[in-house]
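J.: This is the structure I have questions about; it appears just below.
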Amino acid sequence: MLGITLGTTGMAIAAPKDQIRTKRAQAEQARAQIDELGMRLESAVERYNQADAQLDDVRAAIAANERAIAVVRGSVRRARAALADRLVLEYQTGNPDAIAALLGARSLTEMLEQRSTMQRASRQTSRVIGDLVGARRELARRERKLETDRRRADQLVARAAAAQREVERGIASQQALVRGLEGEIAQLQREEAARQKRIAAEARARLIAQRAAQRAAAAADPGLGGSGGGGGGAPIAPPANGSIGGRAVAAAMRWLGTPYSWGGGNASGPSRGIGRGANTVGFDCSGLTLYAYAQVGISLGHFTGTQWRSGQRISRMSDLAAGDLVFFGGDLGHMGMYIGGGQMVHAPHTGDVVKISTITSGYYAATFQGGVRPY
């Protein structure tokens, strides 16, 4: 059979099975486009994360500078009062040259800038004038820096807002792709969830085998540095062979199936994100790896760029070990954590969940930038 039937008008129309196949193909194509779009959006999410992290630093600098300016202004007031007292004393003790120089200045600034004033005044008065000059210069320097930091903060707010708008537009495009294919895509998602369970089970089995091998090696040679940590899947001490990476992988894999939330995730686990992720408790890509390594005592920044600079660089995919951070895209727009077997655990993009993906083919193989071992 050709799968074609004739309608009452004699026109050829697709049989139901062909219609189903066609719609499923359309759904698969739309899902692939959604995934590709999501990867591009991750770059915007990470630009937001970068701007947000930098903004925190700048705001902290502004707050510290404002506190310092208040202290310096107090120093200026005290120095001015001390100078006034010294001028009275100069007058009373009869130093006409100094008094003439001081009274001849048209302003305090001019007076303080006159070297002759310092030379004519007594040693104590010169010291008071010097203290006031220094305090005023320090105040001017800090006020300039404060203005610079405030402009920088405004720029970072604008950059973060632009990145947020880009993500919002991308999410709207994703939703447009899904429209009309909701049922088919939901079925594809269920199939993907089942596949993820199988992949996760296989990955966990690898981790259990790795831990068993490490315990056996530690028992045979205590000098390896790990006691095995007991049964029941308890964490084991990191021996010199790098099992700290395996422990980080295990920490990340506890959250398989957790929703993606841009800006989400901290050292304590999934969290409410920012922007579109504000109502979703979950992880974005760098939030997941930040969390995983926090569980083994290693602190990472919530931005792919800072994590890229956080350890030993691994240039070849064949040299990756469990726990290595893996990065994709020319702008390091996405990242995950290598778990072995050519796979990584990662938080892909809005609408997806923490999952395991293959990096040896397709988009990830084509855009692989390298790995980082942060221990």
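Please note that chains go A, B, ... in the order of the structure tokens, that every chain numbers its residues from 1, and that ligands are numbered from 1 in the order shown.
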Find the residues near Gln369 in chain A: any atom within 8 Å, counting only C-alpha atoms, skip ones fewer than 6 places away on the same chain, and give them as a list of chain:residue names.
T.: A:Ser315, A:Val326, A:Phe327, A:Phe328, A:Gly329, A:Gly330, A:Leu332
J.: Put those residues in a file: C-alpha atoms, as a compact mmCIF listing (two decimals), in the first residue's frame.
T.:
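New file result11.txt:
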# COMPACT_ATOMS: atom_id res chain seq x y z
CA SER A 315 42.15 20.55 25.41
CA VAL A 326 33.17 20.90 29.63
CA PHE A 327 32.48 24.05 27.62
CA PHE A 328 30.74 24.68 24.31
CA GLY A 329 30.36 27.57 21.89
CA GLY A 330 32.86 30.22 20.86
CA LEU A 332 31.50 29.62 26.21
J.: Which residue out of A:Arg198, A:His346, A:Arg254, A:Arg136 has the minimum interatomic distance to Val76 in chain A when only C-alpha atoms are used?
T.: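 Ranking A:Arg198, A:His346, A:Arg254, A:Arg136 by distance to Val76 in chain A, first place goes to A:Arg136.
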J.: Mind giving me the straight-line distance from CA of Tyr291 in chain A to CA of Ile359 in chain A in Å, one decimal?
T.: 21.5 Å
J.: Please compute the CA of Ala200 in chain A-CA of Leu256 in chain A distance, one decimal, in Å.
T.: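 These atoms are spaced 8.0 Å apart.
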J.: Separation of CA of Gly297 in chain A and CA of Asn266 in chain A, in Å?
T.: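 CA of Asn266 in chain A lies at a distance of 13.3 Å from CA of Gly297 in chain A.
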J.: With only C-alpha atoms as the atoms that count, which of A:Ala82, A:Arg313, A:Gly246, A:Arg169 lies nearest to Asp131 in chain A?
T.: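 Counting only C-alpha atoms, the residue closest to Asp131 in chain A is A:Ala82.
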J.: Counting only C-alpha atoms, what is within 8 Å of Thr358 in chain A, bar same-chain residues fewer than 2 positions away, as an NGL selection string?
T.: :A and (342-344 or 356 or 360-361 or 364)
J.: Pick out the closest residue to Gly323 in chain A from this set: A:Ala79, A:Ala248, A:Ala294, A:Ala53. Count only C-alpha atoms.
T.: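 Ranked by minimum distance to Gly323 in chain A, first place goes to A:Ala248.
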J.: If we count only C-alpha atoms and set the cut-off at 12 Å, which residues sit around Thr148 in chain A, ignoring sequence neighbours fewer than 6 positions away in its own chain? Please answer as a list in words.
T.: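 Near Thr148 in chain A, the qualifying residues are Val58, Arg59, Ala61, Ile62, Asn65, Arg141, Arg142, Asp154 and Gln155 of chain A.
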J.: A:Met253, A:Ala135, A:Ala84, A:Leu55: which is nearest Ile199 in chain A, counting only C-alpha atoms?
T.: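 Comparing A:Met253, A:Ala135, A:Ala84, A:Leu55 against Ile199 in chain A, the winner is A:Met253.
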J.: Counting only C-alpha atoms, which residue out of A:Val372, A:Leu320, A:Ala203, A:Ala365 sits closest to Thr289 in chain A?
T.: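 Smallest separation from Thr289 in chain A among the options: A:Val372.
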